[in-house]
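Chemist: First the structure, then my questions, so here it is.
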Amino acid sequence: MDLFESVRIQELEQLIKKYQDSYYNGEAEISDAEFDSLWDELKQLDPNNPILHKIGSDSGLFAKVQHRIPMGSQEKAANPEEFLEWAKKHPYKEYLVEYKLDGASMELQYDNGVFVRAVTRGNGIIGDDVTANVLKMSGVKTKLEHNGILQNFTGGIRGEVIMTRKVHRAFFPDKANCRNAANGIMKRKDGQGSEHLNIICYDAYFENHTFTDEEEKILWLKKCGFETVDIVICKNPTEVISYRAEVMEKRAAMDFDIDGLVIKERNIDLDDAAKNRPDKQIAFKFSLEEAVTVLRQVQWSESGATYTPVAIFDPVELAGTTVKRASLANPNIIRSLDIRIGSHVVVTKRGEIIPKIESVVPGTSENMPKIPFPEKCSVCSATLVDEGTRLYCPNRQCAKLILHRLKKWVDVLDIRDLGESLINSLFESGKVRSVADLYSLTEEDLSPYFLNEESLSKNKKSLGAEKVLKSLTVRNSVSLEAFVAGFDIEGIGETLMEKICDAGFNSIEKLFNATEEEIATINGFGEITAKTFVRGLRENKQEMQELISKGYISIKETARNGTLAGRSFCFTGELSIKRNQAEKMVKSAGGTVKSSVVKGLSYLVTNDTKSGSAKNKKAAELGIPVIDEATFLNLFT
């Protein structure tokens, strides 16, 4: 463990303890999602850290009582991928799924069917005796009776103290949310306000009462008069994920807050339940980066030869931003999801990446119109090819494809004086129909685009034409990564090219000789991307070779061991230099560039280091240094 990790672990311990104290004493300072992010980071850095196996703290205002059974914390899954990883280790025949209530945990203790006391969660073993306050709440039963018969039950009944949204609006609008309000009220020494709270029960632990499974416990609680959580039985993990999507859609209309689902085996396992952190159940949480919305239309974005479907849906809030569109990637995604106009869809935006439609809420696509696919190229009218993973125009001479490649080449090589309008004009005139044509341009070819007829007739020199030719010459030595990325092969940018070069394909000859099978083994690739890449090289091979053989372009070796080797950068906000220029500086010095703030990032570069932007907040959470442009530039001196 290096010094940075050691310091970060200490910082995380302090933050988690601080926020746990405020949470358990009714004054939570951050959201559950933000707390979970800190918890998960500590778990990655130090899985055996003692703080991960402690619960919370109590106010010290009440007598301390031991629980009948430990009230430990649960494993958490923040998204379907994490849940599926857990489910692989727990392949149950049936999964019992119930709401995860967003309130304050409580144990109601009974002896021979008679209520004895109520105990808060506390540290998981011992909690506060808040019996006087709980007796004022709705949902508490002083005797466990069914059909007038006292139940022979000694043990603990687990529930959640909640405040309804209606009560929150009417009586406690000054509190941030229902959970904070309920937490604070239930621990008041005078008990004032406890009559506004409810208890909803979801489990029972016993000494002398036998249940056949977890579902029967819930049914028994109902028979005794308790309000209980809704439960469903799912046959497999996929059903659990689908049910979660349904609940996400309807939870906004509920009168109480839930922040996820609890998944457990239908069979009872008392030994596991007695653990400080039970292994056979998990909290499958909702996220601020997920929402359910309705698909209204699909637009087809044309980029070069490729037609990409883009979903347009009702606006939703995701990770602090309003989102109303997301890429559907390709025709196969539409087919596999069976997404249709009017479908209710789950949209995610994880780690500040582009929004994505993850799934369709079951039952919402029935009888809805299918999404129409374009059939002809909008420019050359060629019949589009639907390969499933890609819908594209197959005409290599399609004007749209050629023009897009020219613009991509100029952008990747950062040929600044060759603007988009000039490229369009040169293309329309027929002077430039390939990348190689750019390097055969003369001052005579370019001058008419900068000088009027009078100036041309007097044979005046065009400074604009000279600048364009100079830009082409100055940027004629490029990395292999940029050279290939400039040819606009579908999905292949400089980042993927870096991975290809790092895998040993670090010359143009090696690239031309590479097979689909070899490329598919590289991290970040698969069969589809490998096939597209190899085909793209084959289609552009002649022009690539022409650029090199005629001396228009020379391939320079990338600095793999430069001054910034091993360090990564992410840029945000306004800089005095162009973003792509800053990124090229990093790469030329052996560093790497990230599009978002992720664990392991070396620096976030911004001229507003005190900004409250999402990237700045994420960097603060992960302990990533935030530097300004001047500090960044000093790294090169």
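Naming scheme: A, B, ... for chains in displayed order of the structure tokens; residues 1 onward per chain; ligands 1 onward as shown.
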Taking 6 positions as the minimum chain separation for residues in the same chain, which residues sit within 12 Å of Arg535 of chain A when counting only C-alpha atoms? Answer as a ChimeraX atom specification.
Modeler: /A:489-490,492,511-516,519,528-529,541
Chemist: Restricted to all heavy atoms, what would the selected residues look like written as a short mmCIF file (atom, residue, chain, number, x, y, z; two decimals), in the first residue's frame?
Modeler:
```
data_model
loop_
_atom_site.label_atom_id
_atom_site.label_comp_id
_atom_site.auth_asym_id
_atom_site.auth_seq_id
_atom_site.Cartn_x
_atom_site.Cartn_y
_atom_site.Cartn_z
N ILE A 489 -12.44 5.19 -39.25
CA ILE A 489 -12.97 3.82 -39.17
C ILE A 489 -13.96 3.76 -38.02
O ILE A 489 -13.66 4.23 -36.92
CB ILE A 489 -11.83 2.81 -38.96
CG1 ILE A 489 -10.86 2.86 -40.14
CG2 ILE A 489 -12.39 1.39 -38.81
CD1 ILE A 489 -9.60 2.05 -39.95
N GLU A 490 -15.11 3.21 -38.26
CA GLU A 490 -16.21 3.21 -37.29
C GLU A 490 -15.76 2.79 -35.89
O GLU A 490 -15.27 1.68 -35.68
CB GLU A 490 -17.32 2.27 -37.77
CG GLU A 490 -18.49 2.11 -36.81
CD GLU A 490 -19.32 3.37 -36.70
OE1 GLU A 490 -19.23 4.22 -37.61
OE2 GLU A 490 -20.07 3.50 -35.71
N ILE A 492 -13.28 3.65 -34.06
CA ILE A 492 -11.85 3.57 -33.76
C ILE A 492 -11.27 4.98 -33.61
O ILE A 492 -11.06 5.70 -34.59
CB ILE A 492 -11.08 2.81 -34.86
CG1 ILE A 492 -11.69 1.43 -35.09
CG2 ILE A 492 -9.61 2.70 -34.49
CD1 ILE A 492 -11.66 0.52 -33.87
N LEU A 511 -0.15 -3.65 -38.52
CA LEU A 511 -1.60 -3.43 -38.53
C LEU A 511 -2.23 -4.07 -39.76
O LEU A 511 -3.26 -4.73 -39.67
CB LEU A 511 -1.91 -1.93 -38.50
CG LEU A 511 -1.66 -1.19 -37.20
CD1 LEU A 511 -1.99 0.28 -37.35
CD2 LEU A 511 -2.50 -1.79 -36.07
N PHE A 512 -1.61 -3.89 -40.91
CA PHE A 512 -2.15 -4.45 -42.15
C PHE A 512 -2.16 -5.99 -42.10
O PHE A 512 -3.02 -6.63 -42.71
CB PHE A 512 -1.34 -3.99 -43.36
CG PHE A 512 -1.56 -2.54 -43.73
CD1 PHE A 512 -0.54 -1.80 -44.30
CD2 PHE A 512 -2.78 -1.93 -43.50
CE1 PHE A 512 -0.73 -0.46 -44.64
CE2 PHE A 512 -3.00 -0.60 -43.84
CZ PHE A 512 -1.97 0.14 -44.40
N ASN A 513 -1.22 -6.57 -41.37
CA ASN A 513 -1.13 -8.04 -41.30
C ASN A 513 -1.95 -8.64 -40.15
O ASN A 513 -2.06 -9.86 -40.04
CB ASN A 513 0.33 -8.46 -41.13
CG ASN A 513 1.15 -8.17 -42.38
OD1 ASN A 513 0.64 -8.27 -43.50
ND2 ASN A 513 2.41 -7.79 -42.20
N ALA A 514 -2.52 -7.78 -39.30
CA ALA A 514 -3.28 -8.27 -38.14
C ALA A 514 -4.58 -8.94 -38.58
O ALA A 514 -5.23 -8.50 -39.53
CB ALA A 514 -3.57 -7.12 -37.19
N THR A 515 -4.95 -10.00 -37.87
CA THR A 515 -6.20 -10.69 -38.16
C THR A 515 -7.29 -10.24 -37.17
O THR A 515 -6.99 -9.66 -36.12
CB THR A 515 -6.03 -12.21 -38.03
OG1 THR A 515 -5.74 -12.53 -36.65
CG2 THR A 515 -4.90 -12.71 -38.92
N GLU A 516 -8.53 -10.51 -37.53
CA GLU A 516 -9.65 -10.18 -36.64
C GLU A 516 -9.50 -10.89 -35.30
O GLU A 516 -9.79 -10.32 -34.24
CB GLU A 516 -10.98 -10.58 -37.29
CG GLU A 516 -11.34 -9.77 -38.51
CD GLU A 516 -12.65 -10.22 -39.14
OE1 GLU A 516 -13.43 -10.92 -38.45
OE2 GLU A 516 -12.90 -9.89 -40.32
N ILE A 519 -6.89 -9.07 -33.06
CA ILE A 519 -7.38 -7.78 -32.53
C ILE A 519 -8.46 -8.00 -31.48
O ILE A 519 -8.55 -7.27 -30.49
CB ILE A 519 -7.93 -6.90 -33.68
CG1 ILE A 519 -6.83 -6.60 -34.70
CG2 ILE A 519 -8.52 -5.61 -33.14
CD1 ILE A 519 -5.66 -5.83 -34.15
N ILE A 528 -16.90 -7.94 -32.85
CA ILE A 528 -17.55 -6.96 -33.73
C ILE A 528 -16.61 -5.80 -34.04
O ILE A 528 -16.40 -5.43 -35.20
CB ILE A 528 -18.84 -6.44 -33.09
CG1 ILE A 528 -19.85 -7.59 -32.97
CG2 ILE A 528 -19.44 -5.30 -33.90
CD1 ILE A 528 -21.07 -7.25 -32.14
N THR A 529 -16.01 -5.21 -32.98
CA THR A 529 -15.10 -4.08 -33.19
C THR A 529 -13.87 -4.51 -33.97
O THR A 529 -13.37 -3.76 -34.83
CB THR A 529 -14.68 -3.48 -31.83
OG1 THR A 529 -15.84 -3.21 -31.05
CG2 THR A 529 -13.91 -2.19 -32.03
N LYS A 541 -6.41 0.93 -47.07
CA LYS A 541 -4.99 0.58 -47.18
C LYS A 541 -4.29 1.34 -48.30
O LYS A 541 -3.20 1.90 -48.11
CB LYS A 541 -4.84 -0.93 -47.40
CG LYS A 541 -3.39 -1.38 -47.49
CD LYS A 541 -3.31 -2.91 -47.63
CE LYS A 541 -1.85 -3.37 -47.73
NZ LYS A 541 -1.76 -4.84 -47.84
#
```
Chemist: What are the closest atom pairs, with distances in Å to one decimal, for each residue of segment 109-161 of chain A lying within 12 Å of segment 264-281 of chain A, using only C-alpha atoms, rows by chain and rising residue number, as a Markdown table?
Modeler:
```
| residue | atom | partner | partner_atom | distance |
| --- | --- | --- | --- | --- |
| A:Asn123 | CA | A:Asn276 | CA | 10.0 |
| A:Gly124 | CA | A:Asn276 | CA | 7.2 |
| A:Ile125 | CA | A:Asn276 | CA | 8.4 |
| A:Arg158 | CA | A:Ala273 | CA | 11.9 |
```
Chemist: Using only all heavy atoms, please write the residues we just selected to a file, as a PDB file, in the first residue's frame.
Modeler:
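The resulting again12.pdb:
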```pdb
ATOM      1  N   ASN A 123     -25.453   0.284  17.373  1.00  0.00           N
ATOM      2  CA  ASN A 123     -24.233  -0.221  16.740  1.00  0.00           C
ATOM      3  C   ASN A 123     -24.404  -1.618  16.154  1.00  0.00           C
ATOM      4  O   ASN A 123     -23.447  -2.282  15.795  1.00  0.00           O
ATOM      5  CB  ASN A 123     -23.080  -0.219  17.738  1.00  0.00           C
ATOM      6  CG  ASN A 123     -23.292  -1.183  18.896  1.00  0.00           C
ATOM      7  OD1 ASN A 123     -24.248  -1.960  18.918  1.00  0.00           O
ATOM      8  ND2 ASN A 123     -22.420  -1.133  19.877  1.00  0.00           N
ATOM      9  N   GLY A 124     -25.657  -2.053  16.087  1.00  0.00           N
ATOM     10  CA  GLY A 124     -25.953  -3.371  15.522  1.00  0.00           C
ATOM     11  C   GLY A 124     -26.113  -4.447  16.571  1.00  0.00           C
ATOM     12  O   GLY A 124     -26.764  -5.460  16.330  1.00  0.00           O
ATOM     13  N   ILE A 125     -25.542  -4.229  17.776  1.00  0.00           N
ATOM     14  CA  ILE A 125     -25.656  -5.179  18.882  1.00  0.00           C
ATOM     15  C   ILE A 125     -26.481  -4.579  20.018  1.00  0.00           C
ATOM     16  O   ILE A 125     -27.354  -5.232  20.590  1.00  0.00           O
ATOM     17  CB  ILE A 125     -24.251  -5.559  19.424  1.00  0.00           C
ATOM     18  CG1 ILE A 125     -23.377  -6.114  18.288  1.00  0.00           C
ATOM     19  CG2 ILE A 125     -24.376  -6.566  20.555  1.00  0.00           C
ATOM     20  CD1 ILE A 125     -23.888  -7.386  17.675  1.00  0.00           C
ATOM     21  N   ARG A 158     -38.628  -7.057  13.293  1.00  0.00           N
ATOM     22  CA  ARG A 158     -37.866  -5.981  12.656  1.00  0.00           C
ATOM     23  C   ARG A 158     -38.790  -5.103  11.833  1.00  0.00           C
ATOM     24  O   ARG A 158     -39.602  -5.597  11.049  1.00  0.00           O
ATOM     25  CB  ARG A 158     -36.790  -6.600  11.758  1.00  0.00           C
ATOM     26  CG  ARG A 158     -35.770  -5.642  11.184  1.00  0.00           C
ATOM     27  CD  ARG A 158     -34.735  -5.195  12.205  1.00  0.00           C
ATOM     28  NE  ARG A 158     -34.005  -6.298  12.784  1.00  0.00           N
ATOM     29  CZ  ARG A 158     -32.942  -6.881  12.206  1.00  0.00           C
ATOM     30  NH1 ARG A 158     -32.532  -6.488  11.034  1.00  0.00           N
ATOM     31  NH2 ARG A 158     -32.308  -7.862  12.812  1.00  0.00           N
TER      32      ARG A 158
END
```
Chemist: Give me the residues near Leu496 of chain A as a list in words, where near means some atom within 9 Å (using only C-alpha atoms) and where sequence neighbours in that chain fewer than 4 positions away do not count.
Modeler: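 My list of contacting residues is Glu481, Ala485, Gly491, Ile492, Ile500, Cys501, Gly524 and Phe525 of chain A.
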Chemist: Can you tell me, as a ChimeraX atom specification, what residues are no more than 9 Å from Glu41 of chain A when counting only C-alpha atoms, ignoring any on the same chain fewer than 6 positions away?
Modeler: /A:9,12,599,622
Chemist: Could you save those same residues with C-alpha atoms as an mmCIF file, in the first residue's frame?
Modeler:
```cif
data_model
loop_
_atom_site.group_PDB
_atom_site.id
_atom_site.type_symbol
_atom_site.label_atom_id
_atom_site.label_comp_id
_atom_site.auth_asym_id
_atom_site.auth_seq_id
_atom_site.Cartn_x
_atom_site.Cartn_y
_atom_site.Cartn_z
ATOM 1 C CA ILE A 9 -8.021 5.368 3.841
ATOM 2 C CA LEU A 12 -12.407 7.880 4.306
ATOM 3 C CA LYS A 599 -10.863 6.037 -9.649
ATOM 4 C CA LEU A 622 -12.125 10.134 -4.770
#
```
Chemist: So how far away is atom CA of Ala176 of chain A from atom CA of Leu108 of chain A, in Å?
Modeler: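 If I compute the distance from atom CA of Leu108 of chain A to atom CA of Ala176 of chain A, I get 27.1 Å.
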Chemist: Counting only C-alpha atoms, what is within 12 Å of segment 395-402 of chain A, bar same-chain residues fewer than 6 positions away, as a PyMOL selection string?
Modeler: chain A and resi 302-307+376-385+408-409+423-424+427-428+430+432-437+487-490+536+539-540
Chemist: Output N, CA, C and O atoms for every residue in that selection, as a short mmCIF file (atom, residue, chain, number, x, y, z; two decimals), in the first residue's frame.
Modeler:
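To be explicit, this is the file written out as selection_7.cif:
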```
data_model
loop_
_atom_site.label_atom_id
_atom_site.label_comp_id
_atom_site.auth_asym_id
_atom_site.auth_seq_id
_atom_site.Cartn_x
_atom_site.Cartn_y
_atom_site.Cartn_z
N GLU A 302 -26.64 10.60 -38.50
CA GLU A 302 -25.79 10.17 -39.61
C GLU A 302 -24.38 10.68 -39.39
O GLU A 302 -24.13 11.89 -39.36
N SER A 303 -23.45 9.77 -39.22
CA SER A 303 -22.04 10.13 -39.03
C SER A 303 -21.22 9.29 -40.00
O SER A 303 -21.06 8.08 -39.81
N GLY A 304 -20.72 9.94 -41.04
CA GLY A 304 -20.03 9.18 -42.08
C GLY A 304 -21.01 8.23 -42.75
O GLY A 304 -22.09 8.62 -43.17
N ALA A 305 -20.65 6.96 -42.78
CA ALA A 305 -21.52 5.97 -43.42
C ALA A 305 -22.56 5.41 -42.47
O ALA A 305 -23.52 4.77 -42.90
N THR A 306 -22.38 5.63 -41.17
CA THR A 306 -23.18 4.94 -40.16
C THR A 306 -24.42 5.73 -39.74
O THR A 306 -24.37 6.94 -39.55
N TYR A 307 -25.52 4.98 -39.55
CA TYR A 307 -26.77 5.54 -39.07
C TYR A 307 -26.99 5.00 -37.65
O TYR A 307 -27.15 3.79 -37.45
N LYS A 376 -32.75 3.74 -47.17
CA LYS A 376 -31.91 4.29 -48.22
C LYS A 376 -30.99 5.38 -47.66
O LYS A 376 -31.37 6.11 -46.76
N CYS A 377 -29.79 5.48 -48.21
CA CYS A 377 -28.87 6.55 -47.82
C CYS A 377 -29.47 7.89 -48.21
O CYS A 377 -29.97 8.06 -49.34
N SER A 378 -29.42 8.83 -47.31
CA SER A 378 -30.03 10.14 -47.56
C SER A 378 -29.26 10.96 -48.60
O SER A 378 -29.77 11.95 -49.11
N VAL A 379 -28.03 10.55 -48.94
CA VAL A 379 -27.20 11.30 -49.88
C VAL A 379 -27.12 10.62 -51.24
O VAL A 379 -27.40 11.22 -52.27
N CYS A 380 -26.72 9.33 -51.25
CA CYS A 380 -26.51 8.65 -52.54
C CYS A 380 -27.62 7.67 -52.90
O CYS A 380 -27.59 7.06 -53.97
N SER A 381 -28.59 7.48 -52.00
CA SER A 381 -29.76 6.59 -52.21
C SER A 381 -29.41 5.12 -52.29
O SER A 381 -30.25 4.29 -52.69
N ALA A 382 -28.19 4.76 -51.91
CA ALA A 382 -27.84 3.34 -51.88
C ALA A 382 -28.65 2.65 -50.78
O ALA A 382 -29.01 3.26 -49.77
N THR A 383 -28.95 1.36 -50.99
CA THR A 383 -29.67 0.59 -49.98
C THR A 383 -28.77 0.37 -48.77
O THR A 383 -27.65 -0.14 -48.91
N LEU A 384 -29.25 0.75 -47.60
CA LEU A 384 -28.44 0.61 -46.39
C LEU A 384 -28.27 -0.85 -46.02
O LEU A 384 -29.17 -1.67 -46.26
N VAL A 385 -27.14 -1.17 -45.42
CA VAL A 385 -26.85 -2.54 -44.97
C VAL A 385 -27.09 -2.61 -43.46
O VAL A 385 -26.53 -1.83 -42.69
N LYS A 408 -12.80 14.52 -40.32
CA LYS A 408 -12.23 13.77 -39.20
C LYS A 408 -10.70 13.85 -39.24
O LYS A 408 -10.04 14.04 -38.21
N TRP A 409 -10.13 13.74 -40.43
CA TRP A 409 -8.67 13.81 -40.57
C TRP A 409 -8.16 15.17 -40.08
O TRP A 409 -7.20 15.24 -39.30
N ILE A 423 -13.16 23.24 -46.20
CA ILE A 423 -13.22 21.83 -46.61
C ILE A 423 -14.45 21.59 -47.46
O ILE A 423 -14.38 20.91 -48.51
N ASN A 424 -15.60 22.11 -47.03
CA ASN A 424 -16.84 21.94 -47.80
C ASN A 424 -16.68 22.50 -49.21
O ASN A 424 -17.10 21.88 -50.19
N PHE A 427 -14.36 20.41 -51.36
CA PHE A 427 -15.00 19.14 -51.71
C PHE A 427 -16.04 19.35 -52.81
O PHE A 427 -16.09 18.61 -53.80
N GLU A 428 -16.86 20.39 -52.66
CA GLU A 428 -17.92 20.67 -53.65
C GLU A 428 -17.32 21.03 -55.01
O GLU A 428 -17.92 20.73 -56.05
N GLY A 430 -14.67 19.76 -56.20
CA GLY A 430 -14.03 18.57 -56.76
C GLY A 430 -12.52 18.56 -56.62
O GLY A 430 -11.87 17.60 -57.04
N VAL A 432 -10.80 18.38 -53.83
CA VAL A 432 -10.40 17.44 -52.79
C VAL A 432 -11.45 16.36 -52.66
O VAL A 432 -12.61 16.63 -52.29
N ARG A 433 -11.05 15.12 -52.97
CA ARG A 433 -11.98 13.99 -52.86
C ARG A 433 -11.37 12.85 -52.06
O ARG A 433 -11.94 11.76 -51.98
N SER A 434 -10.21 13.09 -51.47
CA SER A 434 -9.56 12.10 -50.62
C SER A 434 -8.61 12.83 -49.68
O SER A 434 -8.28 14.01 -49.89
N VAL A 435 -8.15 12.13 -48.66
CA VAL A 435 -7.18 12.73 -47.74
C VAL A 435 -5.91 13.09 -48.49
O VAL A 435 -5.31 14.16 -48.28
N ALA A 436 -5.48 12.23 -49.40
CA ALA A 436 -4.26 12.48 -50.16
C ALA A 436 -4.37 13.76 -50.98
O ALA A 436 -3.37 14.48 -51.18
N ASP A 437 -5.58 14.08 -51.44
CA ASP A 437 -5.77 15.29 -52.25
C ASP A 437 -5.43 16.56 -51.47
O ASP A 437 -5.02 17.58 -52.05
N PHE A 487 -8.63 8.27 -40.23
CA PHE A 487 -9.32 7.68 -41.37
C PHE A 487 -10.77 7.30 -41.07
O PHE A 487 -11.45 6.68 -41.88
N ASP A 488 -11.25 7.67 -39.90
CA ASP A 488 -12.67 7.60 -39.60
C ASP A 488 -13.23 6.18 -39.69
O ASP A 488 -14.36 5.96 -40.14
N ILE A 489 -12.44 5.19 -39.25
CA ILE A 489 -12.97 3.82 -39.17
C ILE A 489 -13.96 3.76 -38.02
O ILE A 489 -13.66 4.23 -36.92
N GLU A 490 -15.11 3.21 -38.26
CA GLU A 490 -16.21 3.21 -37.29
C GLU A 490 -15.76 2.79 -35.89
O GLU A 490 -15.27 1.68 -35.68
N GLY A 536 -11.92 -1.91 -42.02
CA GLY A 536 -11.62 -0.51 -42.29
C GLY A 536 -10.20 -0.30 -42.77
O GLY A 536 -9.93 0.50 -43.67
N GLU A 539 -10.04 -1.43 -46.41
CA GLU A 539 -10.68 -0.49 -47.33
C GLU A 539 -9.84 0.76 -47.56
O GLU A 539 -9.89 1.38 -48.62
N ASN A 540 -9.06 1.17 -46.55
CA ASN A 540 -8.29 2.42 -46.65
C ASN A 540 -6.81 2.19 -46.89
O ASN A 540 -6.03 3.15 -46.92
#
```
Chemist: Show which residues sit within 8 Å of Leu564 of chain A, as a list in words. Count only C-alpha atoms, and ignore same-chain residues fewer than 3 positions away.
Modeler: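 The neighbour list is Asn561, Arg567, Val586, Ala589, Gly590 and Gly591 of chain A.
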Chemist: Residues at most 12 Å from Gln581 of chain A, counting only C-alpha atoms, excluding those fewer than 4 positions away in the same chain, as a list in words?
Modeler: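 Selected residues are Asp411, Val412, Leu413, Asp414, Ile415, Arg416, Phe571, Leu575, Ser576, Ile577, Met585, Val586, Lys587, Ser588, Val593 and Leu633 of chain A.
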Chemist: Output C-alpha atoms for every residue in the selection just made, as a PDB file, in the first residue's frame.
Modeler:
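result_6.pdb was written with the following content:
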```pdb
ATOM      1  CA  ASP A 411      -9.811  17.374 -36.615  1.00  0.00           C
ATOM      2  CA  VAL A 412      -7.583  14.512 -35.405  1.00  0.00           C
ATOM      3  CA  LEU A 413      -4.414  16.090 -36.832  1.00  0.00           C
ATOM      4  CA  ASP A 414      -5.542  19.528 -35.592  1.00  0.00           C
ATOM      5  CA  ILE A 415      -4.887  21.285 -38.907  1.00  0.00           C
ATOM      6  CA  ARG A 416      -6.257  24.549 -37.548  1.00  0.00           C
ATOM      7  CA  PHE A 571     -10.112  18.239 -18.503  1.00  0.00           C
ATOM      8  CA  LEU A 575      -9.002  26.691 -20.666  1.00  0.00           C
ATOM      9  CA  SER A 576      -6.994  29.305 -22.565  1.00  0.00           C
ATOM     10  CA  ILE A 577      -5.658  26.548 -24.809  1.00  0.00           C
ATOM     11  CA  MET A 585       0.367  17.543 -25.023  1.00  0.00           C
ATOM     12  CA  VAL A 586      -0.422  14.841 -22.473  1.00  0.00           C
ATOM     13  CA  LYS A 587      -0.222  12.028 -24.993  1.00  0.00           C
ATOM     14  CA  SER A 588       3.001  13.316 -26.540  1.00  0.00           C
ATOM     15  CA  VAL A 593      -6.483  11.237 -21.199  1.00  0.00           C
ATOM     16  CA  LEU A 633       1.533  23.624 -18.030  1.00  0.00           C
TER      17      LEU A 633
END
```
Chemist: From the set A:Asn236, A:Thr521, A:Thr322, A:Asn180, which residue has the shortest atom-to-atom contact distance to Asp257 of chain A, counting only C-alpha atoms?
Modeler: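 Result for the nearest residue to Asp257 of chain A: A:Asn180.
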Chemist: Assign secondary structure with DSSP using the backbone only, and return the residues of segment 371-550 of chain A in alpha helix (DSSP H) as number ranges by chain.
Modeler: A: 399-413, 420-429, 435-438, 443-446, 453-457, 463-474, 480-485, 494-502, 508-513, 516-520, 527-549
Chemist: Which one of A:Asp129, A:Glu466, A:Asn79, A:Ala520 sits closest to Val346 of chain A if you count only C-alpha atoms?
Modeler: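 That would be A:Asn79, the residue with the smallest distance to Val346 of chain A.
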Chemist: Enter the distance from atom CA of Val232 of chain A to atom CA of Thr142 of chain A, in Å, rounded to one decimal.
Modeler: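 Taking atom CA of Val232 of chain A and atom CA of Thr142 of chain A, their separation equals 28.4 Å.
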Chemist: Interatomic distance between atom CA of Ile258 of chain A and atom CA of Gln66 of chain A?
Modeler: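 Separation between atom CA of Ile258 of chain A and atom CA of Gln66 of chain A: 27.2 Å.
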Chemist: Per DSSP on the backbone, what are the strand (DSSP E) residues of segment 485-583 of chain A, as a ChimeraX atom specification?
Modeler: /A:554-556,568-571
Chemist: Could you check which of A:Thr238, A:Val347, A:Leu197, A:Ser287 is closest to Asp314 of chain A, using only C-alpha atoms?
Modeler: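 So, comparing all the options, the nearest one is A:Val347.
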